[in-house]
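Student: One file: my_file04.cif (mmCIF, C-alpha atoms).
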```cif
data_work
loop_
_atom_site.label_atom_id
_atom_site.label_comp_id
_atom_site.auth_asym_id
_atom_site.auth_seq_id
_atom_site.Cartn_x
_atom_site.Cartn_y
_atom_site.Cartn_z
CA MET Z 1 -8.34 -12.40 0.93
CA GLY Z 2 -5.97 -10.80 -1.54
CA THR Z 3 -3.90 -13.93 -2.05
CA TYR Z 4 -1.55 -13.39 -4.89
CA ASN Z 5 -1.71 -15.92 -7.68
CA MET Z 6 -0.27 -15.46 -11.22
CA GLN Z 7 0.85 -18.94 -12.09
CA GLN Z 8 -1.24 -19.59 -15.18
CA GLY Z 9 0.93 -19.30 -18.25
CA LEU Z 10 4.02 -18.40 -16.21
CA THR Z 11 7.27 -20.35 -16.57
CA MET Z 12 10.32 -19.63 -14.46
CA ALA Z 13 12.86 -18.62 -17.07
CA ALA Z 14 15.67 -18.69 -14.54
CA ASP Z 15 15.40 -22.46 -14.26
CA ASP Z 16 18.02 -23.74 -16.69
CA THR Z 17 16.65 -27.25 -16.66
CA LYS Z 18 13.22 -26.09 -17.73
CA GLN Z 19 14.81 -23.92 -20.41
CA ARG Z 20 16.54 -26.95 -21.88
CA ARG Z 21 13.23 -28.81 -21.91
CA THR Z 22 11.20 -26.36 -23.97
CA LYS Z 23 8.01 -28.04 -25.14
CA VAL Z 24 7.59 -28.28 -28.91
CA LEU Z 25 4.40 -29.42 -30.64
CA ILE Z 26 4.59 -30.72 -34.21
CA LEU Z 27 1.30 -30.65 -36.15
CA GLU Z 28 1.93 -32.67 -39.30
CA ASP Z 29 -0.48 -35.28 -40.62
CA ASN Z 30 2.05 -36.95 -42.91
CA PRO Z 31 3.69 -39.61 -40.68
CA THR Z 32 6.94 -39.58 -42.65
CA HIS Z 33 7.31 -35.81 -42.52
CA GLN Z 34 6.33 -35.80 -38.87
CA LYS Z 35 8.98 -38.37 -37.95
CA LEU Z 36 11.57 -36.45 -39.93
CA LEU Z 37 10.81 -33.26 -38.01
CA GLU Z 38 10.91 -35.17 -34.74
CA TRP Z 39 14.25 -36.73 -35.69
CA PHE Z 40 15.75 -33.32 -36.49
CA LEU Z 41 14.60 -31.88 -33.15
CA ALA Z 42 15.68 -34.96 -31.18
CA LYS Z 43 19.26 -33.68 -31.51
CA GLU Z 44 18.34 -31.09 -28.87
CA PRO Z 45 16.82 -31.67 -25.39
CA PHE Z 46 13.30 -30.54 -26.35
CA GLU Z 47 10.15 -32.16 -25.01
CA ILE Z 48 8.36 -33.08 -28.22
CA PHE Z 49 4.64 -33.73 -28.77
CA LEU Z 50 3.23 -35.08 -32.02
CA ALA Z 51 -0.22 -34.33 -33.42
CA GLN Z 52 -1.75 -35.41 -36.72
CA SER Z 53 -4.96 -33.36 -36.46
CA THR Z 54 -5.97 -29.95 -35.21
CA GLU Z 55 -8.19 -31.62 -32.61
CA GLU Z 56 -5.23 -33.52 -31.21
CA ALA Z 57 -3.10 -30.37 -31.33
CA TRP Z 58 -5.72 -28.41 -29.35
CA SER Z 59 -5.65 -31.11 -26.70
CA TYR Z 60 -1.88 -30.73 -26.30
CA LEU Z 61 -2.15 -26.92 -26.25
CA GLU Z 62 -4.67 -27.09 -23.42
CA THR Z 63 -2.95 -29.77 -21.33
CA GLU Z 64 0.78 -29.45 -22.02
CA SER Z 65 1.18 -25.75 -22.90
CA PRO Z 66 3.84 -26.19 -25.59
CA ARG Z 67 5.71 -22.96 -26.25
CA ILE Z 68 6.78 -23.69 -29.83
CA LEU Z 69 4.46 -25.01 -32.54
CA ILE Z 70 5.63 -26.34 -35.89
CA VAL Z 71 2.60 -26.65 -38.17
CA ASP Z 72 2.16 -27.72 -41.77
CA TRP Z 73 0.19 -25.33 -43.96
CA LEU Z 74 -1.99 -27.98 -45.60
CA LEU Z 75 -3.31 -30.98 -43.74
CA GLU Z 76 -4.69 -34.05 -45.45
CA ASP Z 77 -8.10 -33.79 -43.71
CA GLU Z 78 -8.56 -30.61 -45.81
CA SER Z 79 -8.20 -28.40 -42.76
CA SER Z 80 -5.77 -25.53 -43.02
CA GLY Z 81 -2.78 -25.10 -40.77
CA LEU Z 82 -3.19 -21.41 -41.47
CA ASP Z 83 -6.73 -21.43 -40.07
CA PHE Z 84 -5.40 -23.26 -37.02
CA VAL Z 85 -2.82 -20.51 -36.49
CA ARG Z 86 -5.56 -17.88 -36.73
CA ALA Z 87 -7.64 -19.81 -34.19
CA ILE Z 88 -4.70 -19.96 -31.75
CA ARG Z 89 -4.19 -16.21 -31.93
CA ALA Z 90 -7.94 -15.61 -31.53
CA ARG Z 91 -8.03 -17.91 -28.48
CA ASN Z 92 -5.62 -15.59 -26.63
CA LEU Z 93 -3.86 -18.32 -24.68
CA PRO Z 94 -2.40 -17.36 -21.27
CA TYR Z 95 1.11 -18.00 -22.63
CA TYR Z 96 2.71 -17.11 -25.94
CA THR Z 97 3.17 -19.86 -28.52
CA TYR Z 98 5.88 -19.26 -31.09
CA ILE Z 99 4.59 -20.64 -34.40
CA ILE Z 100 6.68 -21.83 -37.33
CA MET Z 101 4.79 -22.62 -40.56
CA VAL Z 102 6.25 -25.42 -42.69
CA THR Z 103 5.08 -25.68 -46.30
CA ALA Z 104 6.04 -26.29 -49.91
CA LYS Z 105 4.66 -22.82 -50.69
CA ASN Z 106 7.35 -20.22 -51.10
CA SER Z 107 5.93 -17.13 -52.79
CA LYS Z 108 6.17 -13.68 -51.22
CA ALA Z 109 2.38 -13.41 -51.04
CA GLU Z 110 2.12 -16.72 -49.17
CA LEU Z 111 4.85 -15.70 -46.75
CA VAL Z 112 2.98 -12.48 -46.00
CA GLU Z 113 -0.28 -14.41 -45.61
CA ALA Z 114 1.28 -16.78 -43.07
CA LEU Z 115 2.81 -13.97 -41.01
CA GLU Z 116 -0.39 -11.92 -41.05
CA ALA Z 117 -2.34 -15.00 -39.89
CA GLY Z 118 -0.18 -15.07 -36.77
CA ALA Z 119 2.80 -17.22 -37.64
CA ASP Z 120 6.14 -16.01 -36.30
CA ASP Z 121 8.31 -17.75 -38.88
CA PHE Z 122 8.02 -19.60 -42.19
CA ILE Z 123 10.12 -22.44 -43.60
CA SER Z 124 9.72 -23.73 -47.13
CA LYS Z 125 10.12 -27.41 -47.98
CA PRO Z 126 12.54 -28.97 -48.49
CA PHE Z 127 14.40 -27.45 -45.56
CA ASP Z 128 17.80 -27.92 -43.97
CA SER Z 129 17.85 -29.44 -40.48
CA ASP Z 130 20.35 -26.86 -39.24
CA ILE Z 131 18.16 -24.02 -40.44
CA LEU Z 132 15.13 -25.62 -38.77
CA LEU Z 133 17.00 -25.91 -35.46
CA ALA Z 134 18.22 -22.32 -35.74
CA ARG Z 135 14.65 -21.11 -36.27
CA VAL Z 136 13.44 -23.16 -33.30
CA HIS Z 137 16.23 -21.68 -31.16
CA ILE Z 138 15.03 -18.20 -32.13
CA GLY Z 139 11.56 -19.16 -30.91
CA GLN Z 140 13.03 -20.59 -27.74
CA ARG Z 141 14.83 -17.34 -26.97
CA ILE Z 142 11.67 -15.32 -27.57
CA VAL Z 143 9.44 -17.41 -25.30
CA GLN Z 144 12.13 -17.37 -22.61
CA LEU Z 145 12.27 -13.58 -22.84
CA GLU Z 146 8.47 -13.51 -22.50
CA ASP Z 147 8.68 -15.76 -19.44
CA SER Z 148 11.28 -13.49 -17.90
CA LEU Z 149 9.09 -10.44 -18.58
CA ARG Z 150 6.07 -12.15 -17.04
CA GLN Z 151 8.11 -13.04 -13.98
CA ASN Z 152 9.31 -9.45 -13.61
CA ILE Z 153 5.74 -8.15 -13.94
CA ALA Z 154 4.54 -10.67 -11.35
CA GLU Z 155 7.27 -9.55 -8.95
CA MET Z 156 6.40 -5.89 -9.49
CA GLU Z 157 2.72 -6.61 -8.88
CA GLN Z 158 3.69 -8.46 -5.70
CA LEU Z 159 5.73 -5.49 -4.51
CA ALA Z 160 2.92 -3.09 -5.40
CA THR Z 161 0.32 -5.13 -3.52
CA TYR Z 162 1.96 -6.73 -0.51
CA ASP Z 163 4.00 -5.48 2.41
CA MET Z 164 7.48 -6.98 2.08
CA LEU Z 165 7.96 -7.56 5.79
CA THR Z 166 4.65 -9.12 6.82
CA HIS Z 167 3.33 -10.31 3.43
CA LEU Z 168 -0.01 -8.71 4.25
CA LEU Z 169 -1.72 -6.32 1.88
CA ASN Z 170 0.06 -2.98 1.94
CA ARG Z 171 -1.78 0.25 2.66
CA ARG Z 172 -2.60 1.02 -0.98
CA ALA Z 173 -3.91 -2.46 -1.76
CA ALA Z 174 -5.81 -2.69 1.53
CA THR Z 175 -7.43 0.68 0.82
CA GLU Z 176 -8.57 -0.52 -2.61
CA GLN Z 177 -10.02 -3.77 -1.32
CA ILE Z 178 -11.68 -2.23 1.74
CA THR Z 179 -13.20 0.49 -0.44
CA ALA Z 180 -14.62 -2.18 -2.75
CA VAL Z 181 -16.18 -3.98 0.23
CA LEU Z 182 -17.70 -0.73 1.47
CA GLU Z 183 -19.18 0.10 -1.92
CA ARG Z 184 -20.76 -3.34 -2.17
CA ALA Z 185 -22.13 -3.05 1.37
CA LYS Z 186 -23.65 0.32 0.51
CA ARG Z 187 -25.39 -1.15 -2.53
CA GLU Z 188 -26.60 -4.27 -0.73
CA ARG Z 189 -27.20 -2.53 2.62
CA THR Z 190 -25.29 -5.17 4.57
CA PRO Z 191 -23.44 -4.65 7.88
CA VAL Z 192 -19.65 -4.56 8.06
CA GLY Z 193 -16.97 -4.31 10.70
CA PHE Z 194 -13.71 -2.39 10.65
CA CYS Z 195 -10.80 -2.67 13.10
CA MET Z 196 -7.76 -0.45 13.54
CA ILE Z 197 -5.07 -2.28 15.53
CA ASP Z 198 -2.01 -0.73 17.14
CA ILE Z 199 0.65 -2.73 19.02
CA ASP Z 200 1.13 -1.20 22.47
CA HIS Z 201 4.53 0.30 23.36
CA PHE Z 202 6.12 -1.18 20.26
CA LYS Z 203 8.94 1.37 20.24
CA GLN Z 204 10.22 -0.29 23.41
CA VAL Z 205 10.60 -3.56 21.53
CA ASN Z 206 12.83 -1.93 18.92
CA ASP Z 207 14.77 0.05 21.52
CA THR Z 208 15.33 -2.96 23.79
CA PHE Z 209 15.83 -5.84 21.37
CA GLY Z 210 16.69 -4.12 18.09
CA HIS Z 211 14.85 -3.61 14.82
CA LEU Z 212 15.40 -7.16 13.59
CA ALA Z 213 13.59 -8.44 16.66
CA GLY Z 214 10.88 -5.86 16.05
CA ASP Z 215 10.52 -7.10 12.48
CA GLU Z 216 10.11 -10.67 13.71
CA ALA Z 217 7.45 -9.52 16.17
CA LEU Z 218 5.53 -7.77 13.38
CA ARG Z 219 5.70 -10.87 11.18
CA THR Z 220 4.34 -12.98 14.02
CA VAL Z 221 1.52 -10.55 14.73
CA ALA Z 222 0.62 -10.48 11.05
CA ALA Z 223 0.49 -14.27 10.90
CA ARG Z 224 -1.70 -14.45 14.01
CA LEU Z 225 -4.11 -11.86 12.65
CA THR Z 226 -4.39 -13.75 9.39
CA THR Z 227 -5.21 -17.04 11.09
CA SER Z 228 -7.76 -15.35 13.38
CA VAL Z 229 -10.09 -14.11 10.64
CA ARG Z 230 -12.28 -15.71 8.01
CA PRO Z 231 -10.98 -16.44 4.49
CA TYR Z 232 -12.91 -13.53 2.98
CA ASP Z 233 -11.89 -10.92 5.58
CA ILE Z 234 -9.24 -8.37 4.63
CA VAL Z 235 -6.08 -7.93 6.71
CA GLY Z 236 -3.54 -5.25 5.87
CA ARG Z 237 -0.54 -3.49 7.33
CA TRP Z 238 -1.44 0.17 7.62
CA GLY Z 239 2.03 1.33 8.54
CA GLY Z 240 4.59 0.82 11.31
CA GLU Z 241 2.93 -1.26 14.01
CA GLU Z 242 -0.61 -0.50 12.81
CA PHE Z 243 -2.87 -3.03 11.07
CA VAL Z 244 -6.38 -2.91 9.68
CA VAL Z 245 -9.00 -5.63 9.37
CA MET Z 246 -12.17 -5.34 7.29
CA LEU Z 247 -15.06 -7.69 8.07
CA PRO Z 248 -17.62 -7.95 5.25
CA ASP Z 249 -21.23 -9.01 5.94
CA THR Z 250 -20.67 -8.98 9.71
CA PRO Z 251 -23.29 -8.00 12.31
CA ALA Z 252 -22.30 -6.05 15.42
CA GLU Z 253 -22.13 -8.98 17.85
CA GLN Z 254 -19.79 -10.82 15.49
CA VAL Z 255 -17.59 -7.73 15.06
CA ALA Z 256 -17.13 -7.66 18.84
CA GLU Z 257 -16.31 -11.36 18.90
CA ILE Z 258 -13.75 -11.14 16.09
CA ALA Z 259 -12.11 -8.00 17.53
CA THR Z 260 -11.66 -9.78 20.86
CA ARG Z 261 -10.26 -12.81 19.07
CA LEU Z 262 -7.72 -10.60 17.28
CA LEU Z 263 -6.66 -9.06 20.60
CA ASN Z 264 -6.28 -12.47 22.23
CA ALA Z 265 -4.29 -13.77 19.28
CA ILE Z 266 -1.71 -11.05 19.92
CA ARG Z 267 -1.55 -11.09 23.72
CA ASN Z 268 -2.29 -14.66 24.83
CA GLU Z 269 0.94 -16.27 23.66
CA PRO Z 270 4.50 -14.93 23.97
CA ILE Z 271 6.31 -14.09 20.75
CA ARG Z 272 9.64 -15.79 20.23
CA LEU Z 273 12.23 -13.37 18.89
CA ASN Z 274 15.08 -15.90 18.88
CA GLU Z 275 16.10 -19.08 20.68
CA GLN Z 276 16.76 -17.23 23.93
CA THR Z 277 14.20 -14.43 23.93
CA THR Z 278 10.43 -14.21 24.06
CA ILE Z 279 8.29 -11.12 24.65
CA ASN Z 280 4.67 -10.49 25.53
CA LEU Z 281 2.80 -8.00 23.39
CA THR Z 282 -0.57 -6.36 23.83
CA ALA Z 283 -2.60 -4.26 21.45
CA SER Z 284 -5.23 -1.57 21.39
CA ILE Z 285 -8.06 -1.99 18.92
CA GLY Z 286 -10.52 0.60 17.70
CA ALA Z 287 -13.44 -1.30 16.18
CA LEU Z 288 -16.50 -0.16 14.27
CA ALA Z 289 -19.72 -2.14 13.86
CA ILE Z 290 -21.49 -0.43 10.97
CA GLN Z 291 -25.11 -1.45 10.42
CA THR Z 292 -25.75 0.18 7.04
CA PRO Z 293 -22.62 1.81 5.59
CA GLU Z 294 -23.10 5.20 3.95
CA GLN Z 295 -19.88 7.10 4.73
CA SER Z 296 -16.51 7.08 3.00
CA LEU Z 297 -13.51 5.00 4.05
CA ASP Z 298 -11.70 8.14 5.20
CA GLU Z 299 -14.58 8.96 7.53
CA TYR Z 300 -14.62 5.45 8.95
CA ILE Z 301 -10.85 5.53 9.44
CA ALA Z 302 -11.21 8.73 11.45
CA LEU Z 303 -13.90 7.11 13.59
CA ALA Z 304 -11.79 3.98 14.10
CA ASP Z 305 -8.84 6.18 15.07
CA ASN Z 306 -11.03 7.86 17.70
CA ALA Z 307 -12.03 4.46 19.07
CA LEU Z 308 -8.38 3.41 19.08
CA TYR Z 309 -7.50 6.53 21.06
CA GLU Z 310 -10.21 5.65 23.58
CA ALA Z 311 -8.76 2.14 23.97
CA LYS Z 312 -5.31 3.59 24.64
CA SER Z 313 -6.64 6.24 27.01
CA ALA Z 314 -8.45 3.55 29.00
CA GLY Z 315 -5.17 1.72 29.66
CA ARG Z 316 -4.40 -0.09 26.38
CA ASN Z 317 -4.65 -3.89 25.91
CA ARG Z 318 -8.34 -3.70 25.04
CA VAL Z 319 -10.98 -3.24 22.36
CA ALA Z 320 -13.02 -0.04 22.08
CA LEU Z 321 -16.08 -0.80 19.95
CA LYS Z 322 -18.33 1.84 18.43
CA HIS Z 323 -21.77 0.94 17.07
CA LEU Z 324 -22.77 2.97 14.02
CA ASP Z 325 -26.12 3.00 12.27
CA ARG Z 326 -24.48 4.18 9.09
#
```
Would you encode the structure as structure tokens?

Tutor:
Amino acid sequence: MGTYNMQQGLTMAADDTKQRRTKVLILEDNPTHQKLLEWFLAKEPFEIFLAQSTEEAWSYLETESPRILIVDWLLEDESSGLDFVRAIRARNLPYYTYIIMVTAKNSKAELVEALEAGADDFISKPFDSDILLARVHIGQRIVQLEDSLRQNIAEMEQLATYDMLTHLLNRRAATEQITAVLERAKRERTPVGFCMIDIDHFKQVNDTFGHLAGDEALRTVAARLTTSVRPYDIVGRWGGEEFVVMLPDTPAEQVAEIATRLLNAIRNEPIRLNEQTTINLTASIGALAIQTPEQSLDEYIALADNALYEAKSAGRNRVALKHLDR
């Protein structure tokens, strides 16, 4: 749970090849004018799509995601290129389309009308091919800047949500998702499980083998925890060598089973630090089986911490499970 995915509408602007192959859609129902526009743009390495109707243009927008649209104001089927532009802006596509209106109209009022409808630029017929290419290049720069901004936002969201070392949810994101599960369980009165996991004697790993080896051990533990739970369970790094696991819709006997499986995933197989070195780790787990949640996450964390302390006091390398009615 918590898998990061922001691919829709996102182009990697750093890829020079993709930049050179910007997709351009030409909506022009006059075949001669359409071919002329295509010929002008063929001087550059654009990927060009041709549409003679708004229906065909919508199909390309939905399947090919062109980033630049060149559209004639008046189409011979009596539809308006201007109405099509308004429809695109109203559709709120997941990527920005830079729109250039092409028309024989050239009054100030018509220019304002086109821009207010959502067009980014306006070229009056007849036009010069160099000017057309320059306008398309402006659009290309703008959509590439948008792509770069989207990529930066995606990276910042990744950093704000996931632990850089283990790629698990970080403490803030895990807290948000676990809280949401608790609130739903309170409303629906369904049982949940919660596990606080601490790697035993982990400081000795760092002291003996170094922090890079300790980092590799944490990554391995994180991967094993992830593969030991169900797709809808929540796994997060709480801090240092501590992890948390939230088990939605889980009765007590299943909480005990999953907690034991998590422990075995950590201790049953040596962890390879490098080609020459393997280590054996154990863990202490404080687990809660909550029949009908009513308390806050902070209260359950305190209870799980107490159970974790009991597991450590009893000799570590074990699960201490508490059954709670609420």

Student: Apply the PyMOL selection byres ((chain Z and resi 164) around 12) to the displayed file and report the matching residues as a short mmCIF file (atom, residue, chain, number, x, y, z; two decimals) with C-alpha atoms, in the frame of the given file.

Tutor:
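What landed in selection.cif:
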```cif
data_model
loop_
_atom_site.label_atom_id
_atom_site.label_comp_id
_atom_site.auth_asym_id
_atom_site.auth_seq_id
_atom_site.Cartn_x
_atom_site.Cartn_y
_atom_site.Cartn_z
CA GLU Z 155 7.27 -9.55 -8.95
CA MET Z 156 6.40 -5.89 -9.49
CA GLU Z 157 2.72 -6.61 -8.88
CA GLN Z 158 3.69 -8.46 -5.70
CA LEU Z 159 5.73 -5.49 -4.51
CA ALA Z 160 2.92 -3.09 -5.40
CA THR Z 161 0.32 -5.13 -3.52
CA TYR Z 162 1.96 -6.73 -0.51
CA ASP Z 163 4.00 -5.48 2.41
CA LEU Z 165 7.96 -7.56 5.79
CA THR Z 166 4.65 -9.12 6.82
CA HIS Z 167 3.33 -10.31 3.43
CA LEU Z 168 -0.01 -8.71 4.25
CA LEU Z 169 -1.72 -6.32 1.88
CA ASN Z 170 0.06 -2.98 1.94
CA ARG Z 171 -1.78 0.25 2.66
CA ASP Z 215 10.52 -7.10 12.48
CA LEU Z 218 5.53 -7.77 13.38
CA ARG Z 219 5.70 -10.87 11.18
CA ALA Z 222 0.62 -10.48 11.05
CA GLY Z 236 -3.54 -5.25 5.87
CA ARG Z 237 -0.54 -3.49 7.33
CA GLY Z 239 2.03 1.33 8.54
#
```

Student: Work out how far atom CA of Gly315 of chain Z is from atom CA of Ile279 of chain Z, in Å to one decimal.

Tutor: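 Here the two named atoms are 19.3 Å from each other.
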
Student: Neighbours of Gly214 of chain Z within 8 Å (all atoms listed in the file; same-chain residues fewer than 5 positions away dropped), as a ChimeraX atom specification?

Tutor: /Z:202,205-206,209

Student: Identify, on the basis of all atoms listed in the file, every residue whose closest approach to segment 106-112 of chain Z does not exceed 10 Å; exclude the query and any residue fewer than 5 positions from it along the same chain; express the result as a ChimeraX atom specification.

Tutor: /Z:101,117,119,121-125

Student: Taking the file as shown, find all residues satisfying the PyMOL selection byres ((chain Z and resi 41-50) around 10) and write them as a PDB file with C-alpha atoms, in the frame of the given file.

Tutor:
```
ATOM      1  CA  THR Z  17      16.650 -27.250 -16.660  1.00  0.00           C
ATOM      2  CA  LYS Z  18      13.220 -26.090 -17.730  1.00  0.00           C
ATOM      3  CA  GLN Z  19      14.810 -23.920 -20.410  1.00  0.00           C
ATOM      4  CA  ARG Z  20      16.540 -26.950 -21.880  1.00  0.00           C
ATOM      5  CA  ARG Z  21      13.230 -28.810 -21.910  1.00  0.00           C
ATOM      6  CA  THR Z  22      11.200 -26.360 -23.970  1.00  0.00           C
ATOM      7  CA  LYS Z  23       8.010 -28.040 -25.140  1.00  0.00           C
ATOM      8  CA  VAL Z  24       7.590 -28.280 -28.910  1.00  0.00           C
ATOM      9  CA  LEU Z  25       4.400 -29.420 -30.640  1.00  0.00           C
ATOM     10  CA  ILE Z  26       4.590 -30.720 -34.210  1.00  0.00           C
ATOM     11  CA  LEU Z  27       1.300 -30.650 -36.150  1.00  0.00           C
ATOM     12  CA  GLU Z  28       1.930 -32.670 -39.300  1.00  0.00           C
ATOM     13  CA  ASP Z  29      -0.480 -35.280 -40.620  1.00  0.00           C
ATOM     14  CA  PRO Z  31       3.690 -39.610 -40.680  1.00  0.00           C
ATOM     15  CA  GLN Z  34       6.330 -35.800 -38.870  1.00  0.00           C
ATOM     16  CA  LYS Z  35       8.980 -38.370 -37.950  1.00  0.00           C
ATOM     17  CA  LEU Z  36      11.570 -36.450 -39.930  1.00  0.00           C
ATOM     18  CA  LEU Z  37      10.810 -33.260 -38.010  1.00  0.00           C
ATOM     19  CA  GLU Z  38      10.910 -35.170 -34.740  1.00  0.00           C
ATOM     20  CA  TRP Z  39      14.250 -36.730 -35.690  1.00  0.00           C
ATOM     21  CA  PHE Z  40      15.750 -33.320 -36.490  1.00  0.00           C
ATOM     22  CA  ALA Z  51      -0.220 -34.330 -33.420  1.00  0.00           C
ATOM     23  CA  GLN Z  52      -1.750 -35.410 -36.720  1.00  0.00           C
ATOM     24  CA  SER Z  53      -4.960 -33.360 -36.460  1.00  0.00           C
ATOM     25  CA  GLU Z  56      -5.230 -33.520 -31.210  1.00  0.00           C
ATOM     26  CA  ALA Z  57      -3.100 -30.370 -31.330  1.00  0.00           C
ATOM     27  CA  TYR Z  60      -1.880 -30.730 -26.300  1.00  0.00           C
ATOM     28  CA  LEU Z  61      -2.150 -26.920 -26.250  1.00  0.00           C
ATOM     29  CA  GLU Z  64       0.780 -29.450 -22.020  1.00  0.00           C
ATOM     30  CA  PRO Z  66       3.840 -26.190 -25.590  1.00  0.00           C
ATOM     31  CA  ILE Z  68       6.780 -23.690 -29.830  1.00  0.00           C
ATOM     32  CA  LEU Z  69       4.460 -25.010 -32.540  1.00  0.00           C
ATOM     33  CA  ILE Z  70       5.630 -26.340 -35.890  1.00  0.00           C
ATOM     34  CA  SER Z 129      17.850 -29.440 -40.480  1.00  0.00           C
ATOM     35  CA  ASP Z 130      20.350 -26.860 -39.240  1.00  0.00           C
ATOM     36  CA  LEU Z 132      15.130 -25.620 -38.770  1.00  0.00           C
ATOM     37  CA  LEU Z 133      17.000 -25.910 -35.460  1.00  0.00           C
ATOM     38  CA  VAL Z 136      13.440 -23.160 -33.300  1.00  0.00           C
ATOM     39  CA  HIS Z 137      16.230 -21.680 -31.160  1.00  0.00           C
TER      40      HIS Z 137
END
```

Student: Give me, as a list in words, all polymer residues having an atom no more than 12 Å from Ile142 of chain Z, counting only C-alpha atoms and skipping those fewer than 4 positions away in the same chain.

Tutor: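 Residues near the query, excluding close chain neighbours: Ala13, Gln19, Thr22, Arg67, Ile68, Tyr95, Tyr96, Thr97, Tyr98, Ile99, Asp120, Arg135, Val136, His137, Ile138, Glu146, Asp147, Ser148 and Leu149 of chain Z.
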
Student: Take the residues from that selection and write them out as a compact mmCIF listing (two decimals), keeping the file's coordinate frame, keeping C-alpha atoms.

Tutor:
```txt
# COMPACT_ATOMS: atom_id res chain seq x y z
CA ALA Z 13 12.86 -18.62 -17.07
CA GLN Z 19 14.81 -23.92 -20.41
CA THR Z 22 11.20 -26.36 -23.97
CA ARG Z 67 5.71 -22.96 -26.25
CA ILE Z 68 6.78 -23.69 -29.83
CA TYR Z 95 1.11 -18.00 -22.63
CA TYR Z 96 2.71 -17.11 -25.94
CA THR Z 97 3.17 -19.86 -28.52
CA TYR Z 98 5.88 -19.26 -31.09
CA ILE Z 99 4.59 -20.64 -34.40
CA ASP Z 120 6.14 -16.01 -36.30
CA ARG Z 135 14.65 -21.11 -36.27
CA VAL Z 136 13.44 -23.16 -33.30
CA HIS Z 137 16.23 -21.68 -31.16
CA ILE Z 138 15.03 -18.20 -32.13
CA GLU Z 146 8.47 -13.51 -22.50
CA ASP Z 147 8.68 -15.76 -19.44
CA SER Z 148 11.28 -13.49 -17.90
CA LEU Z 149 9.09 -10.44 -18.58
```

Student: Take every atom of segment 99-116 of chain Z listed in the file, fit an axis-aligned box around them, add 3 Å per side, and give the centre and edge lengths in Å to one decimal as AutoDock Vina command-line options.

Tutor:
```
--center_x 3.5 --center_y -19.1 --center_z -43.6 --size_x 13.7 --size_y 20.4 --size_z 24.4
```

Student: Apply the PyMOL selection byres ((chain Z and resi 284) around 10) to the structure shown and report the selected residues as a list of chain:residue names.

Tutor: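 Evaluating the PyMOL selection byres ((chain Z and resi 284) around 10) on these coordinates yields Z:Met196, Z:Ile197, Z:Asp198, Z:Ile199, Z:Asp200, Z:Glu242, Z:Leu263, Z:Thr282, Z:Ala283, Z:Ile285, Z:Gly286, Z:Ala287, Z:Ala307, Z:Leu308, Z:Tyr309, Z:Glu310, Z:Ala311, Z:Lys312, Z:Ser313, Z:Ala314, Z:Gly315, Z:Arg316, Z:Asn317, Z:Arg318, Z:Val319, Z:Ala320.
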
Student: Hey, can you spit out that residue selection with C-alpha atoms as a compact mmCIF listing (two decimals), in the coordinates of the input?

Tutor:
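Contents of out.txt, freshly written:
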```
# COMPACT_ATOMS: atom_id res chain seq x y z
CA MET Z 196 -7.76 -0.45 13.54
CA ILE Z 197 -5.07 -2.28 15.53
CA ASP Z 198 -2.01 -0.73 17.14
CA ILE Z 199 0.65 -2.73 19.02
CA ASP Z 200 1.13 -1.20 22.47
CA GLU Z 242 -0.61 -0.50 12.81
CA LEU Z 263 -6.66 -9.06 20.60
CA THR Z 282 -0.57 -6.36 23.83
CA ALA Z 283 -2.60 -4.26 21.45
CA ILE Z 285 -8.06 -1.99 18.92
CA GLY Z 286 -10.52 0.60 17.70
CA ALA Z 287 -13.44 -1.30 16.18
CA ALA Z 307 -12.03 4.46 19.07
CA LEU Z 308 -8.38 3.41 19.08
CA TYR Z 309 -7.50 6.53 21.06
CA GLU Z 310 -10.21 5.65 23.58
CA ALA Z 311 -8.76 2.14 23.97
CA LYS Z 312 -5.31 3.59 24.64
CA SER Z 313 -6.64 6.24 27.01
CA ALA Z 314 -8.45 3.55 29.00
CA GLY Z 315 -5.17 1.72 29.66
CA ARG Z 316 -4.40 -0.09 26.38
CA ASN Z 317 -4.65 -3.89 25.91
CA ARG Z 318 -8.34 -3.70 25.04
CA VAL Z 319 -10.98 -3.24 22.36
CA ALA Z 320 -13.02 -0.04 22.08
```

Student: What is the distance between atom CA of Ala289 of chain Z and atom CA of Leu247 of chain Z, in Å to one decimal?

Tutor: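 Between these atoms lies a distance of 9.3 Å.
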
Student: So, counting all atoms listed in the file, which residue among Z:Ala134, Z:Leu321, Z:Gly81, Z:Gln140 is closest to Glu113 of chain Z?

Tutor: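 Among the listed residues, Z:Gly81 lies closest to Glu113 of chain Z.
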
Student: Which neighbours of Gln254 of chain Z fall inside 12 Å, counting only C-alpha atoms, when residues of the same chain fewer than 5 positions from it are skipped, and could you give them as a list in words?

Tutor: Pro191, Val192, Gly193, Phe194, Val229, Arg230, Leu247, Pro248, Asp249, Ala259, Thr260, Arg261, Ala287, Leu288, Ala289, Ile290, Gln291 and Leu321 of chain Z

Student: Which residue is closest to Val244 of chain Z? Choose from Z:Ile131, Z:Ile301, Z:Leu273, Z:Leu281 and count all atoms listed in the file.

Tutor: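 Result for the nearest residue to Val244 of chain Z: Z:Ile301.
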